[in-house]
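The file target_27.cif comes next; it holds mmCIF, C-alpha atoms and all ligand atoms.
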data_model
#
loop_
_atom_site.group_PDB
_atom_site.id
_atom_site.type_symbol
_atom_site.label_atom_id
_atom_site.label_comp_id
_atom_site.auth_asym_id
_atom_site.auth_seq_id
_atom_site.Cartn_x
_atom_site.Cartn_y
_atom_site.Cartn_z
ATOM 1 C CA MET E 68 164.936 -93.856 83.611
ATOM 2 C CA LEU E 69 162.709 -96.542 82.058
ATOM 3 C CA LEU E 70 160.639 -98.844 84.213
ATOM 4 C CA ARG E 71 161.706 -102.433 84.746
ATOM 5 C CA GLU E 72 159.306 -104.829 83.003
ATOM 6 C CA VAL E 73 156.227 -105.301 85.202
ATOM 7 C CA GLU E 74 152.958 -107.230 84.916
ATOM 8 C CA TYR E 75 149.760 -105.171 84.984
ATOM 9 C CA ALA E 76 146.195 -106.031 85.984
ATOM 10 C CA LYS E 77 143.090 -103.854 86.137
ATOM 11 C CA PRO E 78 140.564 -105.658 88.354
ATOM 12 C CA ALA E 79 136.849 -104.905 88.005
ATOM 13 C CA SER E 80 135.985 -105.387 91.675
ATOM 14 C CA LEU E 81 137.518 -104.929 95.113
ATOM 15 C CA ALA E 82 137.311 -108.691 95.698
ATOM 16 C CA GLU E 83 139.299 -109.345 92.515
ATOM 17 C CA ALA E 84 141.913 -106.737 93.493
ATOM 18 C CA LEU E 85 142.365 -108.368 96.902
ATOM 19 C CA GLU E 86 142.674 -111.826 95.286
ATOM 20 C CA LEU E 87 145.399 -110.564 92.950
ATOM 21 C CA LEU E 88 147.345 -108.999 95.839
ATOM 22 C CA ALA E 89 146.993 -112.130 97.996
ATOM 23 C CA ALA E 90 148.098 -114.448 95.181
ATOM 24 C CA ASN E 91 151.319 -112.575 94.449
ATOM 25 C CA GLU E 92 153.691 -111.322 97.161
ATOM 26 C CA GLY E 93 155.337 -109.028 94.615
ATOM 27 C CA ALA E 94 152.048 -107.290 93.743
ATOM 28 C CA ARG E 95 151.482 -103.640 94.633
ATOM 29 C CA ALA E 96 148.388 -101.465 94.358
ATOM 30 C CA LEU E 97 148.555 -98.668 91.784
ATOM 31 C CA ALA E 98 146.434 -95.596 92.605
ATOM 32 C CA GLY E 99 147.381 -92.241 91.039
ATOM 33 C CA GLY E 100 150.922 -93.472 90.382
ATOM 34 C CA GLN E 101 152.357 -90.076 91.390
ATOM 35 C CA THR E 102 154.664 -91.650 93.964
ATOM 36 C CA LEU E 103 154.780 -95.308 92.958
ATOM 37 C CA ILE E 104 155.803 -94.820 89.320
ATOM 38 C CA ASN E 105 158.547 -92.394 90.365
ATOM 39 C CA VAL E 106 159.993 -94.778 92.958
ATOM 40 C CA MET E 107 159.816 -97.580 90.381
ATOM 41 C CA LYS E 108 161.743 -95.439 87.913
ATOM 42 C CA ALA E 109 164.337 -94.803 90.622
ATOM 43 C CA ARG E 110 164.386 -98.592 91.323
ATOM 44 C CA ALA E 111 163.532 -97.883 94.966
ATOM 45 C CA ALA E 112 160.537 -100.209 94.478
ATOM 46 C CA SER E 113 160.349 -103.053 91.993
ATOM 47 C CA PRO E 114 156.950 -104.763 92.109
ATOM 48 C CA ASP E 115 156.291 -107.787 89.860
ATOM 49 C CA LEU E 116 152.638 -106.913 89.330
ATOM 50 C CA LEU E 117 150.770 -103.607 89.436
ATOM 51 C CA VAL E 118 147.151 -103.966 90.535
ATOM 52 C CA ASP E 119 145.513 -100.857 89.110
ATOM 53 C CA LEU E 120 142.693 -99.617 91.363
ATOM 54 C CA ASN E 121 141.416 -97.059 88.830
ATOM 55 C CA GLY E 122 138.545 -99.285 87.663
ATOM 56 C CA LEU E 123 137.078 -99.638 91.145
ATOM 57 C CA ASP E 124 134.173 -97.218 91.516
ATOM 58 C CA GLU E 125 133.509 -98.683 94.971
ATOM 59 C CA LEU E 126 136.715 -96.943 96.156
ATOM 60 C CA ARG E 127 135.616 -93.510 94.922
ATOM 61 C CA GLY E 128 133.172 -90.939 96.162
ATOM 62 C CA ILE E 129 132.452 -88.634 99.074
ATOM 63 C CA GLU E 130 129.416 -89.096 101.314
ATOM 64 C CA LEU E 131 128.205 -86.579 103.871
ATOM 65 C CA ALA E 132 126.047 -88.011 106.680
ATOM 66 C CA PRO E 133 123.383 -85.880 108.426
ATOM 67 C CA ASP E 134 125.666 -85.569 111.499
ATOM 68 C CA GLY E 135 128.453 -84.070 109.354
ATOM 69 C CA THR E 136 130.594 -87.222 109.146
ATOM 70 C CA LEU E 137 132.399 -87.557 105.805
ATOM 71 C CA THR E 138 133.210 -90.907 104.242
ATOM 72 C CA ILE E 139 135.753 -90.655 101.443
ATOM 73 C CA GLY E 140 136.731 -93.483 99.098
ATOM 74 C CA ALA E 141 140.479 -94.136 99.032
ATOM 75 C CA MET E 142 140.653 -93.552 95.245
ATOM 76 C CA THR E 143 139.187 -90.042 95.481
ATOM 77 C CA THR E 144 141.592 -87.571 93.881
ATOM 78 C CA TYR E 145 142.716 -84.282 95.430
ATOM 79 C CA THR E 146 140.928 -82.375 92.640
ATOM 80 C CA THR E 147 137.649 -84.171 93.365
ATOM 81 C CA LEU E 148 138.066 -83.406 97.058
ATOM 82 C CA LEU E 149 138.762 -79.741 96.609
ATOM 83 C CA ARG E 150 135.811 -79.343 94.217
ATOM 84 C CA SER E 151 133.347 -81.443 96.191
ATOM 85 C CA ALA E 152 130.330 -79.714 97.766
ATOM 86 C CA GLU E 153 130.130 -82.478 100.403
ATOM 87 C CA ALA E 154 133.803 -82.111 101.414
ATOM 88 C CA LYS E 155 133.167 -78.427 102.196
ATOM 89 C CA ALA E 156 131.590 -79.708 105.418
ATOM 90 C CA ARG E 157 135.223 -79.967 106.610
ATOM 91 C CA PRO E 158 136.769 -77.039 104.710
ATOM 92 C CA ILE E 159 140.373 -77.793 105.681
ATOM 93 C CA LEU E 160 140.324 -80.850 103.379
ATOM 94 C CA GLY E 161 139.936 -78.808 100.207
ATOM 95 C CA GLU E 162 142.223 -76.065 101.509
ATOM 96 C CA VAL E 163 145.094 -78.511 102.063
ATOM 97 C CA CYS E 164 144.498 -80.549 98.879
ATOM 98 C CA ALA E 165 144.721 -77.284 96.900
ATOM 99 C CA GLN E 166 148.276 -76.828 98.260
ATOM 100 C CA ILE E 167 149.574 -80.217 97.085
ATOM 101 C CA ALA E 168 152.043 -79.937 94.191
ATOM 102 C CA ASP E 169 150.587 -78.917 90.818
ATOM 103 C CA VAL E 170 147.400 -79.493 88.867
ATOM 104 C CA GLN E 171 148.685 -82.667 87.185
ATOM 105 C CA VAL E 172 149.538 -84.276 90.526
ATOM 106 C CA ARG E 173 146.224 -83.117 92.022
ATOM 107 C CA ASN E 174 144.260 -84.594 89.111
ATOM 108 C CA ARG E 175 145.850 -88.045 89.493
ATOM 109 C CA GLY E 176 146.934 -88.279 93.143
ATOM 110 C CA THR E 177 144.504 -89.897 95.579
ATOM 111 C CA ILE E 178 143.853 -89.480 99.291
ATOM 112 C CA GLY E 179 144.471 -93.216 99.745
ATOM 113 C CA GLY E 180 147.783 -93.146 97.883
ATOM 114 C CA ASN E 181 148.936 -90.124 99.856
ATOM 115 C CA LEU E 182 148.231 -91.875 103.171
ATOM 116 C CA CYS E 183 149.512 -95.317 102.113
ATOM 117 C CA SER E 184 152.811 -93.948 100.814
ATOM 118 C CA ASN E 185 153.364 -92.190 104.195
ATOM 119 C CA ASP E 186 156.128 -90.035 102.832
ATOM 120 C CA PRO E 187 156.937 -87.934 105.931
ATOM 121 C CA THR E 188 156.843 -84.769 103.791
ATOM 122 C CA ASN E 189 153.298 -85.404 102.517
ATOM 123 C CA HIS E 190 150.508 -83.019 103.458
ATOM 124 C CA LEU E 191 147.765 -85.460 104.423
ATOM 125 C CA PRO E 192 149.224 -87.718 107.170
ATOM 126 C CA PRO E 193 149.466 -84.901 109.771
ATOM 127 C CA LEU E 194 146.090 -83.529 108.692
ATOM 128 C CA MET E 195 144.389 -86.911 109.202
ATOM 129 C CA ALA E 196 146.105 -87.364 112.577
ATOM 130 C CA ALA E 197 145.022 -83.905 113.768
ATOM 131 C CA ILE E 198 141.373 -84.164 112.711
ATOM 132 C CA GLY E 199 140.915 -87.667 114.119
ATOM 133 C CA ALA E 200 140.242 -89.514 110.838
ATOM 134 C CA GLU E 201 139.586 -93.254 110.911
ATOM 135 C CA LEU E 202 140.963 -95.431 108.141
ATOM 136 C CA THR E 203 139.250 -98.607 106.986
ATOM 137 C CA ILE E 204 141.480 -101.394 105.709
ATOM 138 C CA THR E 205 140.027 -104.341 103.805
ATOM 139 C CA GLY E 206 141.553 -107.779 103.300
ATOM 140 C CA ALA E 207 140.420 -111.334 102.598
ATOM 141 C CA SER E 208 139.219 -111.739 106.180
ATOM 142 C CA GLY E 209 137.140 -108.551 106.200
ATOM 143 C CA GLU E 210 137.482 -104.953 107.346
ATOM 144 C CA ARG E 211 139.186 -103.250 110.259
ATOM 145 C CA THR E 212 139.245 -99.586 111.170
ATOM 146 C CA VAL E 213 142.352 -97.875 112.505
ATOM 147 C CA PRO E 214 142.624 -94.340 113.957
ATOM 148 C CA ALA E 215 144.948 -92.202 111.826
ATOM 149 C CA GLN E 216 147.364 -91.876 114.716
ATOM 150 C CA ASP E 217 147.939 -95.669 114.684
ATOM 151 C CA PHE E 218 147.924 -96.028 110.886
ATOM 152 C CA PHE E 219 151.366 -94.528 110.216
ATOM 153 C CA LEU E 220 154.114 -96.908 111.360
ATOM 154 C CA GLY E 221 157.317 -95.580 109.782
ATOM 155 C CA VAL E 222 158.746 -93.973 106.658
ATOM 156 C CA TYR E 223 156.697 -95.476 103.769
ATOM 157 C CA MET E 224 155.175 -97.958 106.248
ATOM 158 C CA THR E 225 151.554 -98.129 107.365
ATOM 159 C CA ALA E 226 149.126 -100.557 108.996
ATOM 160 C CA VAL E 227 148.075 -101.787 105.507
ATOM 161 C CA GLN E 228 149.578 -105.227 104.814
ATOM 162 C CA GLN E 229 150.729 -106.281 101.332
ATOM 163 C CA ASP E 230 147.474 -108.254 100.712
ATOM 164 C CA GLU E 231 145.166 -105.495 102.001
ATOM 165 C CA LEU E 232 143.827 -102.198 100.697
ATOM 166 C CA LEU E 233 142.895 -98.942 102.344
ATOM 167 C CA THR E 234 139.298 -98.607 101.212
ATOM 168 C CA ARG E 235 137.843 -95.515 102.894
ATOM 169 C CA ILE E 236 138.581 -92.661 105.245
ATOM 170 C CA THR E 237 136.002 -91.480 107.784
ATOM 171 C CA ILE E 238 136.267 -87.911 109.031
ATOM 172 C CA PRO E 239 134.202 -86.601 111.946
ATOM 173 C CA ALA E 240 132.291 -83.316 111.750
ATOM 174 C CA GLY E 241 134.155 -80.123 112.574
ATOM 175 C CA ARG E 242 135.184 -76.813 111.025
ATOM 176 C CA ARG E 243 137.731 -75.393 113.478
ATOM 177 C CA ASP E 244 140.924 -76.591 111.792
ATOM 178 C CA GLY E 245 144.202 -75.073 110.672
ATOM 179 C CA PHE E 246 147.201 -75.956 108.531
ATOM 180 C CA ALA E 247 150.564 -74.238 108.112
ATOM 181 C CA ALA E 248 153.644 -75.249 106.144
ATOM 182 C CA VAL E 249 156.981 -73.963 104.937
ATOM 183 C CA THR E 250 157.630 -75.448 101.514
ATOM 184 C CA LEU E 251 160.348 -75.520 98.884
ATOM 185 C CA GLY E 252 158.948 -72.910 96.495
ATOM 186 C CA VAL E 253 155.257 -72.114 96.103
ATOM 187 C CA ASP E 254 153.838 -75.608 95.454
ATOM 188 C CA GLY E 255 156.855 -77.528 96.667
ATOM 189 C CA THR E 256 157.577 -80.282 99.121
ATOM 190 C CA CYS E 257 157.064 -79.415 102.785
ATOM 191 C CA ILE E 258 160.141 -78.688 104.914
ATOM 192 C CA VAL E 259 157.860 -78.779 107.962
ATOM 193 C CA ASN E 260 154.068 -78.781 108.154
ATOM 194 C CA ALA E 261 151.528 -78.734 110.963
ATOM 195 C CA ALA E 262 147.799 -79.401 111.125
ATOM 196 C CA ALA E 263 145.577 -78.448 114.049
ATOM 197 C CA SER E 264 142.041 -79.195 115.132
ATOM 198 C CA ALA E 265 140.144 -77.267 117.831
ATOM 199 C CA ASN E 266 136.927 -79.275 117.701
ATOM 200 C CA GLY E 267 136.780 -80.299 121.348
ATOM 201 C CA GLY E 268 140.369 -80.166 122.653
ATOM 202 C CA LEU E 269 143.237 -78.576 120.734
ATOM 203 C CA ARG E 270 145.237 -81.231 118.883
ATOM 204 C CA ILE E 271 148.194 -80.534 116.601
ATOM 205 C CA ALA E 272 150.096 -82.963 114.364
ATOM 206 C CA VAL E 273 153.519 -81.930 113.055
ATOM 207 C CA GLY E 274 154.884 -83.468 109.857
ATOM 208 C CA CYS E 275 158.403 -83.789 108.331
ATOM 209 C CA VAL E 276 160.096 -83.953 111.741
ATOM 210 C CA ASP E 277 159.899 -87.711 112.322
ATOM 211 C CA ALA E 278 158.942 -90.874 110.451
ATOM 212 C CA VAL E 279 155.297 -90.401 111.434
ATOM 213 C CA PRO E 280 153.272 -87.302 112.369
ATOM 214 C CA VAL E 281 154.013 -86.155 115.920
ATOM 215 C CA VAL E 282 150.777 -85.410 117.781
ATOM 216 C CA VAL E 283 150.681 -82.976 120.706
ATOM 217 C CA GLU E 284 147.799 -81.526 122.702
ATOM 218 C CA ALA E 285 147.575 -78.077 124.234
ATOM 219 C CA SER E 286 145.015 -76.122 126.206
ATOM 220 C CA SER E 287 145.373 -72.982 124.058
ATOM 221 C CA PRO E 288 147.529 -71.670 121.189
ATOM 222 C CA ASP E 289 149.672 -69.903 123.797
ATOM 223 C CA ASP E 290 150.758 -73.314 125.115
ATOM 224 C CA VAL E 291 151.497 -74.924 121.762
ATOM 225 C CA ARG E 292 155.176 -74.017 121.492
ATOM 226 C CA ALA E 293 155.865 -75.483 124.927
ATOM 227 C CA ALA E 294 153.921 -78.646 124.018
ATOM 228 C CA VAL E 295 156.002 -79.099 120.851
ATOM 229 C CA ARG E 296 159.218 -78.465 122.808
ATOM 230 C CA ALA E 297 158.170 -81.085 125.366
ATOM 231 C CA ALA E 298 157.881 -83.635 122.531
ATOM 232 C CA LYS E 299 161.714 -83.425 122.265
ATOM 233 C CA LEU E 300 161.783 -83.566 118.477
ATOM 234 C CA ASP E 301 164.933 -84.718 116.764
ATOM 235 C CA PRO E 302 164.184 -83.885 113.111
ATOM 236 C CA PRO E 303 166.430 -84.969 110.247
ATOM 237 C CA SER E 304 168.925 -82.581 108.622
ATOM 238 C CA ASP E 305 169.210 -82.461 104.839
ATOM 239 C CA VAL E 306 170.160 -80.064 102.052
ATOM 240 C CA HIS E 307 166.952 -78.085 102.615
ATOM 241 C CA ALA E 308 167.068 -77.537 106.373
ATOM 242 C CA SER E 309 169.111 -78.368 109.424
ATOM 243 C CA SER E 310 167.620 -80.325 112.293
ATOM 244 C CA GLU E 311 167.654 -77.179 114.459
ATOM 245 C CA TYR E 312 165.792 -75.136 111.830
ATOM 246 C CA ARG E 313 163.144 -77.868 111.441
ATOM 247 C CA ALA E 314 162.701 -78.004 115.223
ATOM 248 C CA HIS E 315 162.241 -74.215 115.248
ATOM 249 C CA LEU E 316 159.745 -74.346 112.353
ATOM 250 C CA ALA E 317 157.816 -77.102 114.136
ATOM 251 C CA GLU E 318 157.068 -74.742 117.029
ATOM 252 C CA VAL E 319 156.252 -71.754 114.815
ATOM 253 C CA LEU E 320 154.015 -73.689 112.410
ATOM 254 C CA ALA E 321 152.238 -75.665 115.141
ATOM 255 C CA GLU E 322 151.296 -72.392 116.850
ATOM 256 C CA ARG E 323 150.239 -70.843 113.516
ATOM 257 C CA ALA E 324 148.007 -73.830 112.670
ATOM 258 C CA ALA E 325 146.538 -73.805 116.198
ATOM 259 C CA ARG E 326 145.680 -70.084 116.022
ATOM 260 C CA GLN E 327 144.023 -70.606 112.636
ATOM 261 C CA ALA E 328 141.982 -73.484 114.095
ATOM 262 C CA VAL E 329 140.682 -71.591 117.134
ATOM 263 C CA GLU E 330 139.911 -68.456 115.089
ATOM 264 C CA HIS E 331 137.718 -70.366 112.611
HETATM 265 C C1 LIG E 401 156.135 -83.557 91.414
HETATM 266 C C2 LIG E 401 155.415 -84.123 92.627
HETATM 267 C C3 LIG E 401 155.269 -83.318 93.742
HETATM 268 C C4 LIG E 401 154.605 -83.804 94.866
HETATM 269 N N1 LIG E 401 154.446 -82.984 95.944
HETATM 270 C C5 LIG E 401 153.687 -83.399 96.998
HETATM 271 C C6 LIG E 401 153.427 -82.546 98.096
HETATM 272 O O1 LIG E 401 153.878 -81.405 98.177
HETATM 273 N N2 LIG E 401 152.649 -83.032 99.119
HETATM 274 C C7 LIG E 401 152.115 -84.274 99.102
HETATM 275 O O2 LIG E 401 151.394 -84.635 100.028
HETATM 276 N N3 LIG E 401 152.358 -85.110 98.066
HETATM 277 C C8 LIG E 401 153.129 -84.707 97.031
HETATM 278 N N4 LIG E 401 153.389 -85.566 95.991
HETATM 279 C C9 LIG E 401 152.951 -86.970 96.092
HETATM 280 C C10 LIG E 401 151.533 -87.099 95.559
HETATM 281 O O3 LIG E 401 150.642 -86.441 96.442
HETATM 282 C C11 LIG E 401 151.100 -88.558 95.392
HETATM 283 O O4 LIG E 401 149.887 -88.482 94.706
HETATM 284 C C12 LIG E 401 150.832 -89.359 96.641
HETATM 285 O O5 LIG E 401 151.933 -89.395 97.514
HETATM 286 C C13 LIG E 401 150.528 -90.799 96.282
HETATM 287 O O6 LIG E 401 149.221 -90.912 95.803
HETATM 288 P P1 LIG E 401 148.889 -91.725 94.499
HETATM 289 O O7 LIG E 401 147.410 -91.828 94.421
HETATM 290 O O8 LIG E 401 149.590 -91.131 93.353
HETATM 291 O O9 LIG E 401 149.456 -93.182 94.888
HETATM 292 P P2 LIG E 401 150.498 -94.196 94.161
HETATM 293 O O10 LIG E 401 151.719 -93.481 93.765
HETATM 294 O O11 LIG E 401 149.746 -94.929 93.078
HETATM 295 O O12 LIG E 401 150.751 -95.177 95.357
HETATM 296 C C14 LIG E 401 151.568 -94.803 96.451
HETATM 297 C C15 LIG E 401 151.724 -96.006 97.394
HETATM 298 O O13 LIG E 401 150.510 -96.272 98.072
HETATM 299 C C16 LIG E 401 150.043 -97.591 97.791
HETATM 300 N N5 LIG E 401 148.580 -97.462 97.666
HETATM 301 C C17 LIG E 401 147.913 -96.541 96.929
HETATM 302 N N6 LIG E 401 146.585 -96.639 97.156
HETATM 303 C C18 LIG E 401 146.420 -97.661 98.029
HETATM 304 C C19 LIG E 401 145.283 -98.231 98.661
HETATM 305 N N7 LIG E 401 144.030 -97.782 98.447
HETATM 306 N N8 LIG E 401 145.477 -99.265 99.525
HETATM 307 C C20 LIG E 401 146.746 -99.706 99.777
HETATM 308 N N9 LIG E 401 147.859 -99.206 99.217
HETATM 309 C C21 LIG E 401 147.694 -98.183 98.354
HETATM 310 C C22 LIG E 401 150.736 -98.009 96.501
HETATM 311 O O14 LIG E 401 150.877 -99.417 96.406
HETATM 312 C C23 LIG E 401 152.084 -97.310 96.670
HETATM 313 O O15 LIG E 401 152.920 -98.065 97.514
HETATM 314 C C24 LIG E 401 154.059 -85.129 94.863
HETATM 315 C C25 LIG E 401 154.211 -85.933 93.735
HETATM 316 C C26 LIG E 401 154.885 -85.438 92.621
HETATM 317 C C27 LIG E 401 155.032 -86.316 91.407
#
Is it possible to give me this structure as structure tokens?
Amino acid sequence: MLLREVEYAKPASLAEALELLAANEGARALAGGQTLINVMKARAASPDLLVDLNGLDELRGIELAPDGTLTIGAMTTYTTLLRSAEAKARPILGEVCAQIADVQVRNRGTIGGNLCSNDPTNHLPPLMAAIGAELTITGASGERTVPAQDFFLGVYMTAVQQDELLTRITIPAGRRDGFAAVTLGVDGTCIVNAAASANGGLRIAVGCVDAVPVVVEASSPDDVRAAVRAAKLDPPSDVHASSEYRAHLAEVLAERAARQAVEH
């Protein structure tokens, strides 16, 4: 289907992008366009103005601090992440980005767009929740930083307001992580996914079973299934999987991700 007519702007600075968003309630940020353009074609979203972030170098790049902390610009693509020498400090990032869709989507899709769309089947929301990422949101009144666990508010809803932008993602040092998913086909959408981090305690975030990633903690991989069961998941049923099957996969995949994390 063709797009409805829409205004387009390509700001040259973050300040200009924020001004455009603030001046027009119908304005939406355009990152890789891999979700937004599709939902516009389906008429599920109908912005009046697209504010293209692709000219903003200040939203790109990956920095590795001496203590192992990674700071990633929101407009960094999956391909950049999985090729980056700096991002190898937290190897799970590249491993999971390499599993997202196909090469075209990975070349255009951005970490910021993935998190801001908060599609419950996306790979990165549970990963960010498990590894304790912090997300920096910028608006006219300045910056605020939100832990990943508080960033996701509902299906397609996050802590980013219409006149704000997610600008960067900060990821603490750590290598003991895991990720497991059952997908539709090899590179397909996740039916259920789970990310785990064993840097300190053992934290697991399960995706596709609720509107936002469900975070559980366990003392060892042996306890993970019980921890997921205690979360009393009530996943959706659809043509791909029943609620019961998703609940079963949640336990299996959470344990698998946890074992991968502790064995790293
Ligand atoms: C065929 C196909 C298969 C896919 N399969 C998967 C998959 O298996 N797993 C997966 O995780 N994803 C998958 N995706 C989605 C893909 O990863 C998208 O790239 C991602 O969801 C959105 O990122 P984007 O950069 O394209 O953002 P866009 O589509 O440009 O934007 C998405 C939303 O986020 C907002 N936004 C973007 N950046 C910012 C920002 N910095 N600040 C505030 N708001 C912002 C936009 O306004 C929009 O509402 C798939 C996409 C396609 C087309």
Expansion of the PyMOL selection byres (((chain E and resi 217) around 12) and not hetatm) into residues, as a CSV table (one decimal) with C-alpha atoms, in the frame of the given file:
chain,number,residue,atom,x,y,z
E,192,PRO,CA,149.2,-87.7,107.2
E,193,PRO,CA,149.5,-84.9,109.8
E,195,MET,CA,144.4,-86.9,109.2
E,196,ALA,CA,146.1,-87.4,112.6
E,199,GLY,CA,140.9,-87.7,114.1
E,200,ALA,CA,140.2,-89.5,110.8
E,201,GLU,CA,139.6,-93.3,110.9
E,202,LEU,CA,141.0,-95.4,108.1
E,203,THR,CA,139.2,-98.6,107.0
E,212,THR,CA,139.2,-99.6,111.2
E,213,VAL,CA,142.4,-97.9,112.5
E,214,PRO,CA,142.6,-94.3,114.0
E,215,ALA,CA,144.9,-92.2,111.8
E,216,GLN,CA,147.4,-91.9,114.7
E,218,PHE,CA,147.9,-96.0,110.9
E,219,PHE,CA,151.4,-94.5,110.2
E,220,LEU,CA,154.1,-96.9,111.4
E,221,GLY,CA,157.3,-95.6,109.8
E,224,MET,CA,155.2,-98.0,106.2
E,225,THR,CA,151.6,-98.1,107.4
E,226,ALA,CA,149.1,-100.6,109.0
E,227,VAL,CA,148.1,-101.8,105.5
E,279,VAL,CA,155.3,-90.4,111.4
E,280,PRO,CA,153.3,-87.3,112.4
E,281,VAL,CA,154.0,-86.2,115.9
E,282,VAL,CA,150.8,-85.4,117.8
Contacts of ligand LIG 401 (chain E), 7 Å or closer, all atoms listed in the file, given as a ChimeraX atom specification | /E:95-104,141-142,167-168,172,175-181,183-184,186,188-191,227,231-234,254-257
Go ahead and save the picked residues with C-alpha atoms, as a PDB file, in the frame of the given file.
ATOM      1  CA  ARG E  95     151.482-103.640  94.633  1.00  0.00           C
ATOM      2  CA  ALA E  96     148.388-101.465  94.358  1.00  0.00           C
ATOM      3  CA  LEU E  97     148.555 -98.668  91.784  1.00  0.00           C
ATOM      4  CA  ALA E  98     146.434 -95.596  92.605  1.00  0.00           C
ATOM      5  CA  GLY E  99     147.381 -92.241  91.039  1.00  0.00           C
ATOM      6  CA  GLY E 100     150.922 -93.472  90.382  1.00  0.00           C
ATOM      7  CA  GLN E 101     152.357 -90.076  91.390  1.00  0.00           C
ATOM      8  CA  THR E 102     154.664 -91.650  93.964  1.00  0.00           C
ATOM      9  CA  LEU E 103     154.780 -95.308  92.958  1.00  0.00           C
ATOM     10  CA  ILE E 104     155.803 -94.820  89.320  1.00  0.00           C
ATOM     11  CA  ALA E 141     140.479 -94.136  99.032  1.00  0.00           C
ATOM     12  CA  MET E 142     140.653 -93.552  95.245  1.00  0.00           C
ATOM     13  CA  ILE E 167     149.574 -80.217  97.085  1.00  0.00           C
ATOM     14  CA  ALA E 168     152.043 -79.937  94.191  1.00  0.00           C
ATOM     15  CA  VAL E 172     149.538 -84.276  90.526  1.00  0.00           C
ATOM     16  CA  ARG E 175     145.850 -88.045  89.493  1.00  0.00           C
ATOM     17  CA  GLY E 176     146.934 -88.279  93.143  1.00  0.00           C
ATOM     18  CA  THR E 177     144.504 -89.897  95.579  1.00  0.00           C
ATOM     19  CA  ILE E 178     143.853 -89.480  99.291  1.00  0.00           C
ATOM     20  CA  GLY E 179     144.471 -93.216  99.745  1.00  0.00           C
ATOM     21  CA  GLY E 180     147.783 -93.146  97.883  1.00  0.00           C
ATOM     22  CA  ASN E 181     148.936 -90.124  99.856  1.00  0.00           C
ATOM     23  CA  CYS E 183     149.512 -95.317 102.113  1.00  0.00           C
ATOM     24  CA  SER E 184     152.811 -93.948 100.814  1.00  0.00           C
ATOM     25  CA  ASP E 186     156.128 -90.035 102.832  1.00  0.00           C
ATOM     26  CA  THR E 188     156.843 -84.769 103.791  1.00  0.00           C
ATOM     27  CA  ASN E 189     153.298 -85.404 102.517  1.00  0.00           C
ATOM     28  CA  HIS E 190     150.508 -83.019 103.458  1.00  0.00           C
ATOM     29  CA  LEU E 191     147.765 -85.460 104.423  1.00  0.00           C
ATOM     30  CA  VAL E 227     148.075-101.787 105.507  1.00  0.00           C
ATOM     31  CA  GLU E 231     145.166-105.495 102.001  1.00  0.00           C
ATOM     32  CA  LEU E 232     143.827-102.198 100.697  1.00  0.00           C
ATOM     33  CA  LEU E 233     142.895 -98.942 102.344  1.00  0.00           C
ATOM     34  CA  THR E 234     139.298 -98.607 101.212  1.00  0.00           C
ATOM     35  CA  ASP E 254     153.838 -75.608  95.454  1.00  0.00           C
ATOM     36  CA  GLY E 255     156.855 -77.528  96.667  1.00  0.00           C
ATOM     37  CA  THR E 256     157.577 -80.282  99.121  1.00  0.00           C
ATOM     38  CA  CYS E 257     157.064 -79.415 102.785  1.00  0.00           C
TER      39      CYS E 257
END
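The interatomic distance for the pair atom CA of Ile159 of chain E and atom CA of His307 of chain E works out to 26.8 Å.
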I need the output of the PyMOL selection byres (((chain E and resi 80) around 9) and not hetatm) for this file as a short mmCIF file (atom, residue, chain, number, x, y, z; two decimals) with C-alpha atoms, in the frame of the given file; which residues are they?
data_model
loop_
_atom_site.label_atom_id
_atom_site.label_comp_id
_atom_site.auth_asym_id
_atom_site.auth_seq_id
_atom_site.Cartn_x
_atom_site.Cartn_y
_atom_site.Cartn_z
CA PRO E 78 140.56 -105.66 88.35
CA ALA E 79 136.85 -104.90 88.00
CA LEU E 81 137.52 -104.93 95.11
CA ALA E 82 137.31 -108.69 95.70
CA GLU E 83 139.30 -109.34 92.52
CA ALA E 84 141.91 -106.74 93.49
CA LEU E 85 142.36 -108.37 96.90
CA LEU E 120 142.69 -99.62 91.36
CA GLY E 122 138.54 -99.28 87.66
CA LEU E 123 137.08 -99.64 91.14
CA ASP E 124 134.17 -97.22 91.52
CA GLU E 125 133.51 -98.68 94.97
#
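Nearest to Asp169 of chain E of all the residues E:Tyr145, E:Ala317, E:Glu284, E:Lys299 is E:Tyr145, based on all atoms listed in the file.
Across the model, the gap from atom CA of Val222 of chain E to atom CA of Ala278 of chain E is 4.9 Å.
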Can you put N, CA and C atoms back into segment 224-229 of chain E and show it as a JSON list (two decimals), in the frame of the given file?
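Resulting contents of result06.json:
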[["chain", "number", "residue", "atom", "x", "y", "z"],
["E", 224, "MET", "N", 155.79, -96.76, 105.64],
["E", 224, "MET", "CA", 155.18, -97.96, 106.25],
["E", 224, "MET", "C", 153.88, -97.58, 106.96],
["E", 225, "THR", "N", 152.84, -98.38, 106.70],
["E", 225, "THR", "CA", 151.55, -98.13, 107.36],
["E", 225, "THR", "C", 150.98, -99.45, 107.86],
["E", 226, "ALA", "N", 149.79, -99.36, 108.47],
["E", 226, "ALA", "CA", 149.13, -100.56, 109.00],
["E", 226, "ALA", "C", 148.56, -101.44, 107.89],
["E", 227, "VAL", "N", 148.61, -100.99, 106.62],
["E", 227, "VAL", "CA", 148.07, -101.79, 105.51],
["E", 227, "VAL", "C", 149.10, -102.86, 105.13],
["E", 228, "GLN", "N", 148.68, -104.13, 105.21],
["E", 228, "GLN", "CA", 149.58, -105.23, 104.81],
["E", 228, "GLN", "C", 149.58, -105.37, 103.30],
["E", 229, "GLN", "N", 150.56, -106.15, 102.79],
["E", 229, "GLN", "CA", 150.73, -106.28, 101.33],
["E", 229, "GLN", "C", 149.46, -106.81, 100.64]]
